[in-house]
2 protein chains.
Amino acid sequence: MLNHQLDRMYAALADGSRRTMVDRLSRGPATVKQLAEPLTMSLPAVLQHLRVLEESGLVRSEKVGRVRTCRLEPAALQQAEQWIADRRAGWTARLDRLEAFLEEDEQ
Amino acid sequence: MLNHQLDRMYAALADGSRRTMVDRLSRGPATVKQLAEPLTMSLPAVLQHLRVLEESGLVRSEKVGRVRTCRLEPAALQQAEQWIADRRAGWTARLDRLEAFLEEDEQ
């Protein structure tokens, strides 16, 4: 995956309002109006946040008639999750090796 | 967890140089000099990135004599991972319910 895309995904998640939008979308597709409901901000501000989420790849939307419906892109969410998981796994594997080494040393 | 802390963790991860530092630390503790090695930037710039990582809680460091050693905080990394994992799980659960509903409908 491009480094640049990870930049955008984590930057998109680094905002409480955008995480509220992602959280809402994790329960199913939503219109922009529905996404805006729990947020105390103007519609243009919501659309700006939506744009950041779409550019990161975490969310996509389509407009049918006058209604724009947004949905989560679980594959992108998984990439953001996986990068962190891999680093945690690296750290854990290192601790396991260290433990094995110390046990051998004791014997 | 405080929303603010998630803001800081994702913002810290939204930069390729800082992810390079986290990646290095996932293989074990490192000095600032070791962290700086793969990065083409000045030491003050590296220290600035380290500060962002420390303020996010993902990394901690301690100075013994003249050497500052940095290490990963796996618990913080796990929190950043878990928030995303929970949203993915929500989306997957919704798809499962939808599938079950459609299957029932067919019968």
# chains A, B, ... in the order shown; residues from 1 in each chain; ligands from 1
call {"tool": "residues_around", "arguments": {"residues": "region 25-41 of chain B", "least_positions_apart": "3", "cutoff": "8 Å", "atoms": "only C-alpha atoms", "output": "list of chain:residue names"}}
result
A:Arg87, A:Arg88, A:Ala89, A:Gly90, A:Trp91, A:Arg94, B:Ser17, B:Met21, B:Val22, B:Ala45, B:Val46, B:Leu47, B:Val67, B:Arg68, B:Thr69, B:Cys70, B:Arg71, B:Leu72
call {"tool": "closest_atom_pairs", "arguments": {"of": "chain A", "to": "chain B", "cutoff": "12 Å", "atoms": "only C-alpha atoms", "output": "tab-separated table"}}
result
residue	atom	partner	partner_atom	distance
A:Leu2	CA	B:Gly16	CA	10.2
A:Asn3	CA	B:Gly16	CA	6.5
A:His4	CA	B:Gly16	CA	7.8
A:Gln5	CA	B:Ala14	CA	9.3
A:Leu6	CA	B:Ala14	CA	6.7
A:Asp7	CA	B:Ala14	CA	4.2
A:Arg8	CA	B:Ala14	CA	6.7
A:Met9	CA	B:Ala14	CA	7.4
A:Tyr10	CA	B:Ala14	CA	4.8
A:Ala11	CA	B:Ala14	CA	5.2
A:Ala12	CA	B:Tyr10	CA	8.3
A:Leu13	CA	B:Tyr10	CA	6.1
A:Ala14	CA	B:Asp7	CA	4.2
A:Asp15	CA	B:Asp7	CA	5.5
A:Gly16	CA	B:Asn3	CA	6.4
A:Ser17	CA	B:Asn3	CA	10.0
A:Arg18	CA	B:Asp7	CA	10.4
A:Arg19	CA	B:Asn3	CA	9.3
A:Thr20	CA	B:Asn3	CA	10.4
A:Met21	CA	B:Arg87	CA	10.8
A:Val22	CA	B:Arg87	CA	7.5
A:Asp23	CA	B:Arg87	CA	6.1
A:Arg24	CA	B:Arg87	CA	9.0
A:Leu25	CA	B:Trp91	CA	7.8
A:Ser26	CA	B:Trp91	CA	4.6
A:Arg27	CA	B:Trp91	CA	5.8
A:Gly28	CA	B:Trp91	CA	6.7
A:Pro29	CA	B:Trp91	CA	9.6
A:Ser56	CA	B:Ala14	CA	11.2
A:Leu58	CA	B:Ile84	CA	10.9
A:Arg71	CA	B:Trp91	CA	9.8
A:Leu72	CA	B:Trp91	CA	7.9
A:Glu73	CA	B:Arg88	CA	9.2
A:Pro74	CA	B:Arg88	CA	6.2
A:Ala75	CA	B:Arg88	CA	9.0
A:Ala76	CA	B:Arg88	CA	9.9
A:Leu77	CA	B:Ile84	CA	6.7
A:Gln78	CA	B:Arg88	CA	7.3
A:Gln79	CA	B:Ile84	CA	9.9
A:Ala80	CA	B:Ile84	CA	7.6
A:Glu81	CA	B:Glu81	CA	5.4
A:Gln82	CA	B:Glu81	CA	8.0
A:Trp83	CA	B:Glu81	CA	8.8
A:Ile84	CA	B:Glu81	CA	6.0
A:Ala85	CA	B:Glu81	CA	6.5
A:Asp86	CA	B:Ser26	CA	8.7
A:Arg87	CA	B:Ser26	CA	5.2
A:Arg88	CA	B:Pro74	CA	6.1
A:Ala89	CA	B:Ser26	CA	8.0
A:Gly90	CA	B:Ser26	CA	5.3
A:Trp91	CA	B:Ser26	CA	4.6
A:Thr92	CA	B:Ser26	CA	8.4
A:Ala93	CA	B:Arg27	CA	8.6
A:Arg94	CA	B:Arg27	CA	6.5
A:Leu95	CA	B:Gly28	CA	8.7
A:Asp96	CA	B:Gly28	CA	11.8
A:Arg97	CA	B:Arg27	CA	11.1
A:Leu98	CA	B:Gly28	CA	10.3
call {"tool": "select_by_dssp", "arguments": {"residues": "chain B", "states": "alpha helix (DSSP H)", "output": "PyMOL selection string"}}
result
chain B and resi 3-13+16-25+32-36+43-56+74-106
call {"tool": "atom_distance", "arguments": {"atom1": "CA of Phe101 (chain B)", "atom2": "CA of Glu62 (chain A)"}}
result
24.8 Å
call {"tool": "select_by_dssp", "arguments": {"residues": "chain A", "states": "strand (DSSP E or B)", "output": "list in words"}}
result
Ala30, Thr31, Val59, Arg60, Ser61, Glu62, Lys63, Val64, Val67, Arg68, Thr69, Cys70, Arg71 and Leu72 of chain A
call {"tool": "decode", "arguments": {"residues": "region 90-102 of chain A", "atoms": "N, CA and C atoms", "output": "mmCIF file, in the first residue's frame"}}
result
data_model
loop_
_atom_site.group_PDB
_atom_site.id
_atom_site.type_symbol
_atom_site.label_atom_id
_atom_site.label_comp_id
_atom_site.auth_asym_id
_atom_site.auth_seq_id
_atom_site.Cartn_x
_atom_site.Cartn_y
_atom_site.Cartn_z
ATOM 1 N N GLY A 90 5.159 -7.590 15.851
ATOM 2 C CA GLY A 90 6.618 -7.554 15.852
ATOM 3 C C GLY A 90 7.160 -7.425 17.270
ATOM 4 N N TRP A 91 6.540 -6.541 18.016
ATOM 5 C CA TRP A 91 6.959 -6.301 19.401
ATOM 6 C C TRP A 91 6.737 -7.560 20.259
ATOM 7 N N THR A 92 5.570 -8.181 20.093
ATOM 8 C CA THR A 92 5.233 -9.380 20.864
ATOM 9 C C THR A 92 6.193 -10.512 20.531
ATOM 10 N N ALA A 93 6.499 -10.690 19.237
ATOM 11 C CA ALA A 93 7.425 -11.747 18.814
ATOM 12 C C ALA A 93 8.795 -11.530 19.447
ATOM 13 N N ARG A 94 9.201 -10.274 19.529
ATOM 14 C CA ARG A 94 10.491 -9.959 20.128
ATOM 15 C C ARG A 94 10.494 -10.350 21.614
ATOM 16 N N LEU A 95 9.401 -10.041 22.314
ATOM 17 C CA LEU A 95 9.306 -10.400 23.737
ATOM 18 C C LEU A 95 9.363 -11.919 23.906
ATOM 19 N N ASP A 96 8.682 -12.650 23.000
ATOM 20 C CA ASP A 96 8.689 -14.117 23.064
ATOM 21 C C ASP A 96 10.106 -14.652 22.886
ATOM 22 N N ARG A 97 10.834 -14.085 21.925
ATOM 23 C CA ARG A 97 12.213 -14.540 21.695
ATOM 24 C C ARG A 97 13.085 -14.260 22.916
ATOM 25 N N LEU A 98 12.852 -13.089 23.508
ATOM 26 C CA LEU A 98 13.623 -12.697 24.686
ATOM 27 C C LEU A 98 13.363 -13.672 25.833
ATOM 28 N N GLU A 99 12.086 -14.020 26.011
ATOM 29 C CA GLU A 99 11.684 -14.939 27.073
ATOM 30 C C GLU A 99 12.331 -16.307 26.849
ATOM 31 N N ALA A 100 12.277 -16.797 25.613
ATOM 32 C CA ALA A 100 12.864 -18.097 25.274
ATOM 33 C C ALA A 100 14.369 -18.084 25.559
ATOM 34 N N PHE A 101 14.999 -16.977 25.217
ATOM 35 C CA PHE A 101 16.441 -16.839 25.436
ATOM 36 C C PHE A 101 16.766 -16.902 26.925
ATOM 37 N N LEU A 102 15.970 -16.186 27.729
ATOM 38 C CA LEU A 102 16.223 -16.140 29.173
ATOM 39 C C LEU A 102 15.991 -17.512 29.804
#
